[in-house]
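What follows is one structure encoded as structure tokens, with my remarks underneath.
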Amino acid sequence: QLTTWSNDPLLDPASEHFLLQDRASDDCFGLLPSRKRNGSAGYQIQHRPGSSLFTQDRPGLLVETLVMVHPQEAMKCLRVRLTCKPDGPARRLRLLGLAEWLLGAQRRERMTLQCEYAAESQAALAWQMEHSGGFGEGCAYLLLAGLPVEQWTCARGECFDTAGSVQMPQHLSGMAGFGLDPCAALLAELQLQTGQTLEFFWVLGYGADPQAARAQALRWQAPGALAGLEQAVDAH
């Protein structure tokens, strides 16, 4: 497992978090369903082979998140489309992508991960230094494509409050290395004008070793590399 298994957002909290925060109101919510619902509107969910679409119709903002699994590669992609509605004000938003790494079967195996950030691919990587569990040298990564990463960290505690709940951090330290409570956390900001639609991608992937993972991450950052993924998933 790259991250811990989650089947129920109440009894089995997720270890992959994708948050949006409105800078004007400080309202913070997830791209995917969780314990914090979208009021009475909730989420509209459409499933099809290889992908699921989660739509939130919020005051002044339409949020569409398409989750896709690549038919050949060890990769999952979230294509996010944000639309500032014509009857709403311009929006200033913050984004957080957070993966709590495991790379093993037990939580104790998290403590033997080496973490780094690759600026050229905007990817935070972690690879397993312990070989006995079968993940030795295997490398996971989280990247953001379509927007610049402003801040990052590989230290999980920076993204949680004192009660242990995930939160939108004010600042990320840029910490990496060995022996951390490991994660990949990427922070970005954007502005949406009235009537504007903006698209970007979160990619969670895996390579057999750090070199393979770095090469994959660079490939997904190439212009147009993710544009045809929906069609490839539908055709598979």
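Please note that chains go A, B, ... in the order of the structure tokens, that every chain numbers its residues from 1, and that ligands are numbered from 1 in the order shown.
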For the interface of segment 65-99 of chain A with segment 48-59 of chain A (cut-off 7 Å, counting only C-alpha atoms), please tabulate each contacting residue of segment 65-99 of chain A alongside its nearest pair of atoms and their separation in Å to one decimal, rows sorted by chain and increasing number, as a Markdown table.
| residue | atom | partner | partner_atom | distance |
| --- | --- | --- | --- | --- |
| A:Thr65 | CA | A:Phe54 | CA | 5.1 |
| A:Leu66 | CA | A:Leu53 | CA | 4.4 |
| A:Val67 | CA | A:Ser52 | CA | 5.2 |
| A:Met68 | CA | A:Ser51 | CA | 4.4 |
| A:Val69 | CA | A:Gly50 | CA | 5.6 |
Residue list (alpha helix (DSSP H), DSSP) for segment 73-226 of chain A, as an MDAnalysis selection string:
chainID A and resid 210:221
Hey, what does DSSP flag as strand (DSSP E) within segment 73-133 of chain A? Can you give it to me as a ChimeraX atom specification?
/A:75-84,91-100,113-118,123-128
What's around segment 226-229 of chain A at 9 Å? Count only C-alpha atoms, leave out sequence neighbours fewer than 4 positions away in its own chain, and write the answer as a tab-separated table (two decimals) with N, CA, C and O atoms, in the first residue's frame.
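What ended up in out.tsv:
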chain	number	residue	atom	x	y	z
A	68	MET	N	-9.34	9.31	-11.91
A	68	MET	CA	-9.08	8.32	-12.96
A	68	MET	C	-7.89	7.45	-12.57
A	68	MET	O	-6.94	7.92	-11.94
A	69	VAL	N	-7.94	6.18	-12.96
A	69	VAL	CA	-6.83	5.26	-12.79
A	69	VAL	C	-6.29	4.93	-14.17
A	69	VAL	O	-7.03	4.50	-15.07
A	70	HIS	N	-4.99	5.14	-14.36
A	70	HIS	CA	-4.38	4.91	-15.67
A	70	HIS	C	-4.48	3.44	-16.04
A	70	HIS	O	-4.21	2.56	-15.21
A	77	CYS	N	-5.03	9.78	-11.04
A	77	CYS	CA	-5.04	11.21	-11.37
A	77	CYS	C	-6.37	11.83	-10.96
A	77	CYS	O	-7.44	11.24	-11.17
A	79	ARG	N	-8.37	15.09	-11.97
A	79	ARG	CA	-8.49	16.28	-12.80
A	79	ARG	C	-9.53	17.19	-12.15
A	79	ARG	O	-10.67	16.82	-11.97
A	145	ALA	N	0.12	19.33	-11.39
A	145	ALA	CA	0.37	19.78	-12.76
A	145	ALA	C	-0.69	20.81	-13.14
A	145	ALA	O	-1.87	20.64	-12.84
A	201	PHE	N	-4.29	19.28	-12.25
A	201	PHE	CA	-4.25	17.84	-11.99
A	201	PHE	C	-3.41	17.54	-10.75
A	201	PHE	O	-2.32	18.09	-10.57
A	220	TRP	N	4.68	13.27	-16.67
A	220	TRP	CA	3.32	13.80	-16.45
A	220	TRP	C	3.29	15.32	-16.47
A	220	TRP	O	2.24	15.92	-16.70
A	221	GLN	N	4.42	15.96	-16.26
A	221	GLN	CA	4.48	17.42	-16.30
A	221	GLN	C	4.63	17.96	-17.73
A	221	GLN	O	4.47	19.17	-17.94
A	222	ALA	N	4.91	17.10	-18.68
A	222	ALA	CA	5.07	17.57	-20.06
A	222	ALA	C	3.74	18.14	-20.57
A	222	ALA	O	2.67	17.62	-20.25
A	233	VAL	N	-8.80	6.13	-20.57
A	233	VAL	CA	-9.52	5.33	-19.56
A	233	VAL	C	-10.83	4.81	-20.14
A	233	VAL	O	-11.17	3.64	-19.98
A	234	ASP	N	-11.58	5.67	-20.82
A	234	ASP	CA	-12.86	5.25	-21.40
A	234	ASP	C	-12.69	4.19	-22.47
A	234	ASP	O	-13.54	3.31	-22.64
Rounded to one decimal place, report the atom CA of Arg23 of chain A-atom CA of Ala188 of chain A distance in Å.
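For atom CA of Arg23 of chain A relative to atom CA of Ala188 of chain A, the distance reads 12.2 Å.
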Report as a Markdown table: every residue of segment 134-156 of chain A with an atom at most 7 Å from segment 108-126 of chain A, its closest pair of atoms, and their distance in Å to one decimal, counting only C-alpha atoms, with rows sorted by chain and ascending residue number.
| residue | atom | partner | partner_atom | distance |
| --- | --- | --- | --- | --- |
| A:Cys139 | CA | A:Ala126 | CA | 5.5 |
| A:Ala140 | CA | A:Ala126 | CA | 5.4 |
| A:Tyr141 | CA | A:Leu125 | CA | 4.3 |
| A:Leu142 | CA | A:Ala123 | CA | 5.4 |
| A:Leu143 | CA | A:Ala123 | CA | 4.1 |
| A:Leu144 | CA | A:Gln122 | CA | 6.2 |
| A:Val149 | CA | A:Gln122 | CA | 6.5 |
| A:Cys154 | CA | A:Cys115 | CA | 6.4 |
Got a sec: who's within 9 Å of Leu93 of chain A, counting only C-alpha atoms, leaving out chain neighbours fewer than 4 positions off, as a PyMOL selection string?
chain A and resi 20-24+188-192
For Phe160 of chain A, find every residue with an atom within 8 Å (counting only C-alpha atoms), except residues of its own chain fewer than 6 positions away, and show them as a list in words.
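Once the nearby chain positions are removed, what remains is Val166, Gln167 and Pro169 of chain A.
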Could you turn the residues from that selection into a file that holds N, CA, C and O atoms, as an mmCIF file, in the first residue's frame?
data_model
loop_
_atom_site.group_PDB
_atom_site.id
_atom_site.type_symbol
_atom_site.label_atom_id
_atom_site.label_comp_id
_atom_site.auth_asym_id
_atom_site.auth_seq_id
_atom_site.Cartn_x
_atom_site.Cartn_y
_atom_site.Cartn_z
ATOM 1 N N VAL A 166 -6.962 16.890 9.902
ATOM 2 C CA VAL A 166 -6.246 17.581 8.834
ATOM 3 C C VAL A 166 -6.744 19.017 8.732
ATOM 4 O O VAL A 166 -7.927 19.296 8.930
ATOM 5 N N GLN A 167 -5.828 19.941 8.466
ATOM 6 C CA GLN A 167 -6.169 21.350 8.352
ATOM 7 C C GLN A 167 -5.376 21.986 7.223
ATOM 8 O O GLN A 167 -4.367 21.443 6.769
ATOM 9 N N PRO A 169 -2.732 24.313 6.252
ATOM 10 C CA PRO A 169 -1.634 24.976 6.968
ATOM 11 C C PRO A 169 -1.413 26.396 6.459
ATOM 12 O O PRO A 169 -1.659 26.699 5.287
#
Which neighbours of Ala99 of chain A fall inside 7 Å, counting only C-alpha atoms, when residues of the same chain fewer than 6 positions from it are skipped, and could you give them as a compact mmCIF listing (two decimals) with all heavy atoms, in the first residue's frame?
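Listed below is the output, around_23.txt:
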# COMPACT_ATOMS: atom_id res chain seq x y z
N THR A 3 -0.53 4.36 0.52
CA THR A 3 -1.15 5.04 1.66
C THR A 3 -2.08 4.04 2.32
O THR A 3 -2.41 3.00 1.75
CB THR A 3 -1.94 6.28 1.21
OG1 THR A 3 -2.96 5.88 0.27
CG2 THR A 3 -1.02 7.30 0.53
N SER A 15 -6.30 8.74 4.07
CA SER A 15 -4.93 9.24 4.25
C SER A 15 -4.46 10.01 3.02
O SER A 15 -3.29 10.33 2.91
CB SER A 15 -3.98 8.09 4.56
OG SER A 15 -4.05 7.11 3.54
N GLU A 16 -5.38 10.27 2.10
CA GLU A 16 -5.13 11.14 0.95
C GLU A 16 -6.14 12.27 1.02
O GLU A 16 -7.35 12.04 1.06
CB GLU A 16 -5.28 10.36 -0.36
CG GLU A 16 -4.30 9.20 -0.48
CD GLU A 16 -4.63 8.28 -1.65
OE1 GLU A 16 -5.43 8.69 -2.53
OE2 GLU A 16 -4.11 7.15 -1.68
N HIS A 17 -5.64 13.51 1.06
CA HIS A 17 -6.50 14.67 1.30
C HIS A 17 -6.24 15.71 0.21
O HIS A 17 -5.08 16.05 -0.07
CB HIS A 17 -6.21 15.29 2.67
CG HIS A 17 -6.12 14.29 3.78
ND1 HIS A 17 -7.22 13.85 4.48
CD2 HIS A 17 -5.05 13.63 4.30
CE1 HIS A 17 -6.85 12.97 5.39
NE2 HIS A 17 -5.53 12.82 5.30
N CYS A 183 5.10 12.24 4.68
CA CYS A 183 3.97 12.58 3.83
C CYS A 183 4.49 13.30 2.60
O CYS A 183 5.66 13.65 2.51
CB CYS A 183 2.94 13.45 4.57
SG CYS A 183 3.42 15.20 4.69
N ALA A 184 3.58 13.57 1.68
CA ALA A 184 3.80 14.53 0.60
C ALA A 184 2.73 15.59 0.75
O ALA A 184 1.54 15.27 0.70
CB ALA A 184 3.70 13.86 -0.75
N ALA A 185 3.11 16.82 0.96
CA ALA A 185 2.16 17.93 1.10
C ALA A 185 2.59 19.06 0.18
O ALA A 185 3.72 19.56 0.27
CB ALA A 185 2.09 18.42 2.54
Option closest in space to Gly174 of chain A, from A:Phe29, A:Cys159, A:Thr194, A:Thr153 [counting only C-alpha atoms]:
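Of A:Phe29, A:Cys159, A:Thr194, A:Thr153, the one nearest Gly174 of chain A, counting only C-alpha atoms, is A:Thr153.
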Would you compute the distance between atom CA of Trp101 of chain A and atom CA of Tyr206 of chain A? Give it in Å to one decimal.
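Distance reported for this atom pair: 11.7 Å.
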Would you compute the distance between atom CA of Trp202 of chain A and atom CA of Ala41 of chain A? Give it in Å to one decimal.
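If I compute the distance from atom CA of Trp202 of chain A to atom CA of Ala41 of chain A, I get 24.8 Å.
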Taking only C-alpha atoms into account, name the residue in A:Cys28, A:Ala90, A:Ala74, A:Ala213 that is nearest to Thr197 of chain A.
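Among the listed residues, A:Ala90 lies closest to Thr197 of chain A.
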